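Notes follow the structure.
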Amino acid sequence: MAGVRHRNESAWLLPNDGSRTNHGLRRDMRRFDDADEIDMVIVGCGAGGSVLAQRLARAGWRVAALDAGPFWDPDTDWVSDEAGSHGLYWTEPRVIAGSDPVPMGSNNSGRGVGGSMIHYAGYTPRFHPSDFITYTVDGVGTDWPLAYADLRPYYAAVEQELPVAGEHWPWGDPHGYPHRPHPVGGNGEIFLRGARKLGITAKVGPVAIANGRFGNRPHCIYRGFCLQGCKVNAKASPLVTHVPDALARGAEIRANAMVTQVVIDQRTGRALGVNYVRDGRERFQRARMVAVAGYSIETPRLLLNSASRRFPDGLCNDFDQVGRYLMVQGAPQTAGRFDAEVRMYKAPPPEVSSEEFYETDPAKDYKRGFAIQTVSPLPITWAEHVAAQGHWGSALREYMSDYVHWSCLGALCEFLALPDNRVTLADEKDSHGLPVAQFAYSQCDNDRALVTAAQGVMEDILHAAGADEVITIKRYAHLVGGARMAADERHGVVDRNCRSFAVPNLYITDGSVLPTQGSANPALTIMAVTARAADQLAGTA
Amino acid sequence: MSRRAAGRFPGFNVLGQTRDWDAVTADLIRARIGHSLEVRFFTEAEQASAAALLNQLTGQCGEPLGVPILEMVDGRLAAGETDGWHYADMPEDGQAWRETLGYLDKDAHARCGTAFADASEGDQAAIIQAVQDSREWHGLVAKHVWSLWTRYACTAMYSHPYAWSEMGFPGPAYPRGYKNAGVGKLEPFEVPDRRPDEDPVGDDA
């Protein structure tokens, strides 16, 4: 791992005394003045924004990353508790609509430095090569202006930085992982047992949780609260994987700074910087370049809220592309009941996955596919699963008392990118007086067919493992798209290097640029796409 | 029915393990036990119907578990601690709670001539069941109303250590972690289910 430390020293910049935050590094952080024309101001400090800040700071750029939320300290800000983790989610108001409205908040929206990766499970699969050419191979979705081969070296680099643990991966572009697979708990054991009986290949991983000490990050303690923020520093998030190195290389992370507008020079059409609110004061940060990394809801919302004379319908929206082709994955969860005690809470929820059904099966009447993974809901999320069966009152309470006997799998179904699944501005305003996002979502027939198929496979696996009963909740996971990359400005918002077509010094470096989503959890791909864009920007490619 | 929810994990009491929790988490959980009884969001009339509804939804009518569910939901609404979204066809959460509690009273008056809180437990249950069985309810999409109620009710109920003890879940796990994961394996501080064959699903079938 000497090579990783040479490129990214984050894990070695954290304390090794049992506390989780290097307070000195934050205290001594470089601080720019609003009037300084810095090289790059980044909006949002999650998977995309943090990687960009770290890469550009390494290249000697003067960089500040502004985040609307706090600069977390895992010791004092986070708890080993579901309800108490409410502050990790973006809970500013949003309106959901369409025939299949998608709940936000804890489901898919992060807040603060580290972004949604603070509360993601930790799965970090790569996309398959086919994901970049779904239109060519399957006649659905669209082709990326990038090929898998363009991202391959960045996938490998980021996998080392997180680092990712797992078995040798046989699907997509077969590859290994820097850390060995973790031992599995009851839920992983059930999945592996059922899959083996059916002849379905399932593998342990790929999980961005160090297996063993990594720098000063300690070993995982298997406490099962990955979705509540890792108090151990074992699970990877930008807060521990990229922000420390960015700070040490002179980047500024400006927390509690809500960006309200990207400001455009109406004469030249170039970005001048961003307006933001901090401590109740409106401020303006000047910059030579701007990168928006607010994820699939807030990035389009910021562009739409940045309308001006030059861009009357919203920034970068001359061709009505902003906010469109937003995707979620269909994520049905199927649980099985065993007389033995599974106690699925006793391990990280991300343990085992299968990508056996990821690619289009010519024998089926739907295109593309799904992945299956262990998910291990804690009591509140489990209550949602049980309540979805219609149970309430004493029946609900009785089911809940049976918790230790259940095993739970989740699927990620590749819902297709559709133009009317989009973010627009609602009439409702937030506390800054800005219109909030309205997110409309409606499934197509292919989407519904995938959910049905995935549920069937999960039921089969659980039955094969010995479950006497199975119950399913239909839900959604992840967000990507909304400001997608494309070959030209009539089909997307940014080019293959994440540069916006409309404003030459404006970049978008987050999940919103992804044109398709595969059946993979998106964090690793967001980081890889950003790392590549940073190389292009810094001339280090 | 709920008689069988209780007593599956004899002697298991999550609150006996607080010394193994980190201080920040322990303070948070302890605060749920000594929950302030001051209601800040609901009016007095709303408070009575909200308590009845929440106790019904979480199965605490016949056999109270002692979870102060009304106060917990009220605290969230008073603090504006929403889930970060609402359906386009529903008002924001606080307003939606007020309106739907009013409709419950309306239904109760129509059914038995009393406020919802004063109706018999059977009448209350029938009124609630009718919402779950409807497509539309007082001009609202019934399943969106159901989602609002059950989300707040379940989040409160299953964030409480009394509920964790009833389900055998040890609660906070930092810095202790787990050392003995796997099917059929227990930590020294876990208690096995004394009625493992009582499958609630099988019962319904």
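Every chain in the structure tokens takes a letter, A first, then B, and so on in the order presented; its residues are numbered from 1, and the ligands are numbered from 1 following the presented order.
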
Do you know which residues are at most 8 Å from segment 305-320 of chain A counting only C-alpha atoms, after dropping those on the same chain fewer than 5 positions away, and could you put them as a PDB file with N, CA and C atoms, in the first residue's frame?
```pdb
ATOM      1  N   THR A 260     -26.139  29.399  -3.119  1.00  0.00           N
ATOM      2  CA  THR A 260     -27.484  29.721  -3.595  1.00  0.00           C
ATOM      3  C   THR A 260     -27.520  30.046  -5.090  1.00  0.00           C
ATOM      4  N   GLN A 261     -26.342  30.347  -5.671  1.00  0.00           N
ATOM      5  CA  GLN A 261     -26.346  30.720  -7.084  1.00  0.00           C
ATOM      6  C   GLN A 261     -24.936  30.649  -7.667  1.00  0.00           C
ATOM      7  N   VAL A 262     -24.847  30.156  -8.894  1.00  0.00           N
ATOM      8  CA  VAL A 262     -23.604  30.292  -9.653  1.00  0.00           C
ATOM      9  C   VAL A 262     -23.745  31.598 -10.435  1.00  0.00           C
ATOM     10  N   VAL A 263     -22.773  32.494 -10.262  1.00  0.00           N
ATOM     11  CA  VAL A 263     -22.880  33.826 -10.859  1.00  0.00           C
ATOM     12  C   VAL A 263     -22.143  33.851 -12.199  1.00  0.00           C
ATOM     13  N   ILE A 264     -22.836  34.366 -13.217  1.00  0.00           N
ATOM     14  CA  ILE A 264     -22.303  34.378 -14.585  1.00  0.00           C
ATOM     15  C   ILE A 264     -22.077  35.817 -15.045  1.00  0.00           C
ATOM     16  N   GLN A 266     -22.502  38.341 -17.534  1.00  0.00           N
ATOM     17  CA  GLN A 266     -23.502  38.390 -18.603  1.00  0.00           C
ATOM     18  C   GLN A 266     -22.900  38.798 -19.948  1.00  0.00           C
ATOM     19  N   GLY A 269     -20.290  35.388 -20.563  1.00  0.00           N
ATOM     20  CA  GLY A 269     -20.926  34.078 -20.390  1.00  0.00           C
ATOM     21  C   GLY A 269     -20.117  33.133 -19.529  1.00  0.00           C
ATOM     22  N   LEU A 434     -35.481  30.246  -1.443  1.00  0.00           N
ATOM     23  CA  LEU A 434     -35.263  29.687  -2.778  1.00  0.00           C
ATOM     24  C   LEU A 434     -36.263  28.586  -3.068  1.00  0.00           C
ATOM     25  N   PRO A 435     -36.758  28.501  -4.303  1.00  0.00           N
ATOM     26  CA  PRO A 435     -37.671  27.415  -4.653  1.00  0.00           C
ATOM     27  C   PRO A 435     -37.022  26.056  -4.390  1.00  0.00           C
ATOM     28  N   GLU A 489     -24.494  19.241 -26.782  1.00  0.00           N
ATOM     29  CA  GLU A 489     -25.332  20.015 -25.867  1.00  0.00           C
ATOM     30  C   GLU A 489     -26.826  19.788 -26.065  1.00  0.00           C
ATOM     31  N   ARG A 490     -27.192  19.132 -27.154  1.00  0.00           N
ATOM     32  CA  ARG A 490     -28.621  18.842 -27.342  1.00  0.00           C
ATOM     33  C   ARG A 490     -29.051  17.595 -26.585  1.00  0.00           C
ATOM     34  N   HIS A 491     -28.096  16.834 -26.105  1.00  0.00           N
ATOM     35  CA  HIS A 491     -28.424  15.575 -25.432  1.00  0.00           C
ATOM     36  C   HIS A 491     -27.957  15.503 -23.992  1.00  0.00           C
ATOM     37  N   VAL A 493     -25.744  17.881 -20.514  1.00  0.00           N
ATOM     38  CA  VAL A 493     -25.338  19.149 -19.904  1.00  0.00           C
ATOM     39  C   VAL A 493     -23.819  19.309 -19.896  1.00  0.00           C
ATOM     40  N   SER A 500     -19.223  21.776 -18.608  1.00  0.00           N
ATOM     41  CA  SER A 500     -20.542  22.097 -19.151  1.00  0.00           C
ATOM     42  C   SER A 500     -20.394  22.629 -20.573  1.00  0.00           C
ATOM     43  N   PHE A 501     -21.356  22.285 -21.409  1.00  0.00           N
ATOM     44  CA  PHE A 501     -21.331  22.762 -22.789  1.00  0.00           C
ATOM     45  C   PHE A 501     -21.552  24.267 -22.846  1.00  0.00           C
ATOM     46  N   ALA A 502     -22.345  24.792 -21.898  1.00  0.00           N
ATOM     47  CA  ALA A 502     -22.791  26.178 -22.011  1.00  0.00           C
ATOM     48  C   ALA A 502     -21.789  27.183 -21.455  1.00  0.00           C
ATOM     49  N   VAL A 503     -21.071  26.795 -20.411  1.00  0.00           N
ATOM     50  CA  VAL A 503     -20.173  27.737 -19.725  1.00  0.00           C
ATOM     51  C   VAL A 503     -18.793  27.088 -19.646  1.00  0.00           C
TER      52      VAL A 503
END
```

Give one line per residue of chain B that approaches chain A to at most 7 Å, naming the two atoms of the closest pair and their distance in Å to one decimal, counting only C-alpha atoms; sort by chain then ascending residue number and deliver it as a Markdown table.
```
| residue | atom | partner | partner_atom | distance |
| --- | --- | --- | --- | --- |
| B:Met1 | CA | A:Ser394 | CA | 6.0 |
| B:Ser2 | CA | A:Ser394 | CA | 5.0 |
| B:Arg4 | CA | A:Glu398 | CA | 6.6 |
| B:Ala5 | CA | A:Glu398 | CA | 4.5 |
| B:Val24 | CA | A:Val79 | CA | 6.5 |
| B:Thr25 | CA | A:Val79 | CA | 4.9 |
| B:Gln56 | CA | A:Gly393 | CA | 5.4 |
| B:Leu57 | CA | A:Gly393 | CA | 4.4 |
| B:Thr58 | CA | A:Gly393 | CA | 4.7 |
| B:Gly59 | CA | A:Gly393 | CA | 3.7 |
| B:Thr82 | CA | A:Thr91 | CA | 6.6 |
| B:Asp83 | CA | A:Gly105 | CA | 5.6 |
| B:Gly84 | CA | A:Thr91 | CA | 3.5 |
| B:Trp85 | CA | A:Arg94 | CA | 4.6 |
| B:His86 | CA | A:Val95 | CA | 5.3 |
| B:Tyr87 | CA | A:Ile96 | CA | 5.0 |
| B:Ala88 | CA | A:Ala97 | CA | 5.4 |
| B:Cys154 | CA | A:Ala383 | CA | 6.2 |
| B:Thr155 | CA | A:Ile380 | CA | 5.4 |
| B:Tyr158 | CA | A:Ile380 | CA | 5.2 |
| B:Ser159 | CA | A:Ala83 | CA | 6.0 |
| B:Glu166 | CA | A:Ser401 | CA | 6.0 |
| B:Met167 | CA | A:Ser401 | CA | 4.0 |
| B:Gly168 | CA | A:Val404 | CA | 6.9 |
| B:Pro172 | CA | A:Ser80 | CA | 4.9 |
| B:Ala173 | CA | A:Arg223 | CA | 5.5 |
| B:Tyr174 | CA | A:Ser80 | CA | 6.1 |
| B:Gly177 | CA | A:Arg223 | CA | 4.3 |
| B:Tyr178 | CA | A:Arg223 | CA | 5.7 |
| B:Ala181 | CA | A:Gly185 | CA | 4.6 |
| B:Gly182 | CA | A:Gly186 | CA | 3.8 |
| B:Val183 | CA | A:Gly186 | CA | 4.4 |
| B:Gly184 | CA | A:Glu341 | CA | 4.9 |
| B:Pro196 | CA | A:Asp339 | CA | 5.7 |
| B:Asp197 | CA | A:Asp339 | CA | 5.9 |
| B:Pro200 | CA | A:Tyr399 | CA | 5.9 |
| B:Val201 | CA | A:Glu469 | CA | 6.9 |
```

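Ranking A:Thr452, A:Asn16, A:Ser237, A:Ser85 by their shortest atom-to-atom distance to Pro163 of chain A, with only C-alpha atoms included, puts A:Ser237 first.
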
Using only C-alpha atoms, find the one residue out of B:Arg195, B:His144, B:Arg30, B:Arg176 that sits nearest to Pro161 of chain B.
B:Arg30

List every residue of segment 206-395 of chain A that DSSP, applied to the backbone of this structure, places in strand (DSSP E), and write the result as a count of residues only.
44

Set the distance at 6 Å and use only C-alpha atoms: which residues neighbour segment 349-364 of chain A once local chain neighbours fewer than 5 positions away are removed? I'd like the list as a ChimeraX atom specification.
/A:121,188,202-205,369-376

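Distance annotation: of B:Phe169, B:Leu70, B:Glu81, B:Asp89, the residue with the minimal separation from Pro377 of chain A is B:Phe169; atom set is only C-alpha atoms.
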
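Taking atom CA of Ala31 of chain B as the reference point, atom CA of Pro170 of chain B is found at 17.4 Å.
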
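In this structure, atom CA of Ala142 of chain B sits 14.7 Å away from atom CA of Gly102 of chain B.
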
Skip segment 48-62 of chain A itself and residues of its chain fewer than 5 positions away, then list as JSON, numbers by chain all residues within 8 Å of it, counting only C-alpha atoms.
{"A": [38, 39, 40, 42, 43, 114, 238, 242, 243, 245, 246, 247, 249, 250, 251, 291, 292, 293, 509, 510, 511, 526, 527, 530, 531, 534, 535, 538]}

Kindly export the residues of the current selection with C-alpha atoms, as a CSV table (one decimal), in the first residue's frame.
```
chain,number,residue,atom,x,y,z
A,38,ILE,CA,-9.2,31.1,-6.3
A,39,ASP,CA,-8.6,28.5,-9.0
A,40,MET,CA,-11.7,26.4,-8.3
A,42,ILE,CA,-16.4,23.4,-5.5
A,43,VAL,CA,-20.1,23.2,-4.5
A,114,GLY,CA,-18.6,13.4,3.1
A,238,PRO,CA,-14.6,11.1,1.7
A,242,HIS,CA,-9.9,12.3,0.6
A,243,VAL,CA,-10.6,15.3,2.8
A,245,ASP,CA,-5.2,14.8,2.2
A,246,ALA,CA,-6.9,17.7,0.5
A,247,LEU,CA,-6.4,19.8,3.7
A,249,ARG,CA,-2.2,19.9,0.5
A,250,GLY,CA,-3.8,23.4,1.0
A,251,ALA,CA,-7.4,23.0,0.1
A,291,ALA,CA,-17.5,22.9,-10.1
A,292,VAL,CA,-21.0,21.9,-9.0
A,293,ALA,CA,-21.1,18.6,-7.0
A,509,THR,CA,-18.5,16.5,-10.9
A,510,ASP,CA,-21.0,14.3,-9.1
A,511,GLY,CA,-23.5,11.5,-9.8
A,526,ILE,CA,-18.8,8.9,-9.2
A,527,MET,CA,-15.4,9.0,-7.6
A,530,THR,CA,-14.4,12.8,-11.0
A,531,ALA,CA,-10.8,11.6,-10.6
A,534,ALA,CA,-9.5,16.1,-12.4
A,535,ASP,CA,-6.7,14.6,-14.3
A,538,ALA,CA,-4.9,19.5,-14.1
```

Applying 9 Å and only C-alpha atoms, which residues near Asp105 of chain B remain after dropping the ones on its own chain fewer than 5 positions away? List them as a ChimeraX atom specification.
/B:49,100,110,114-117

Output file for the residues above (N, CA and C atoms, as a compact mmCIF listing (two decimals), in the first residue's frame):
```
# COMPACT_ATOMS: atom_id res chain seq x y z
N SER B 49 -56.45 12.67 20.09
CA SER B 49 -56.62 11.77 18.94
C SER B 49 -55.29 11.22 18.49
N THR B 100 -55.24 15.43 9.19
CA THR B 100 -55.72 14.05 9.23
C THR B 100 -56.27 13.69 10.60
N ALA B 110 -69.20 10.60 12.89
CA ALA B 110 -70.14 9.97 11.97
C ALA B 110 -70.45 8.53 12.39
N THR B 114 -68.85 10.42 18.78
CA THR B 114 -67.86 10.92 19.74
C THR B 114 -66.62 11.39 19.00
N ALA B 115 -65.73 12.03 19.75
CA ALA B 115 -64.41 12.32 19.19
C ALA B 115 -63.68 10.99 19.02
N PHE B 116 -62.66 10.97 18.17
CA PHE B 116 -61.91 9.73 17.91
C PHE B 116 -61.33 9.16 19.21
N ALA B 117 -60.79 10.05 20.03
CA ALA B 117 -60.15 9.59 21.27
C ALA B 117 -61.15 8.95 22.23
```

Which neighbours of Arg40 of chain B fall inside 9 Å, counting only C-alpha atoms, when residues of the same chain fewer than 3 positions from it are skipped, and could you give them as an NGL selection string?
:B and (43 or 71 or 74-75 or 77-78)

Could you write those residues out with C-alpha atoms, as a PDB file, in the first residue's frame?
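This went into result-v9.pdb:
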```
ATOM      1  CA  THR B  43     -53.284  21.182  20.479  1.00  0.00           C
ATOM      2  CA  GLU B  71     -44.426  12.810  23.044  1.00  0.00           C
ATOM      3  CA  ASP B  74     -44.859  15.590  18.971  1.00  0.00           C
ATOM      4  CA  GLY B  75     -41.202  16.412  19.626  1.00  0.00           C
ATOM      5  CA  LEU B  77     -43.106  17.793  14.645  1.00  0.00           C
ATOM      6  CA  ALA B  78     -42.339  20.675  17.016  1.00  0.00           C
TER       7      ALA B  78
END
```
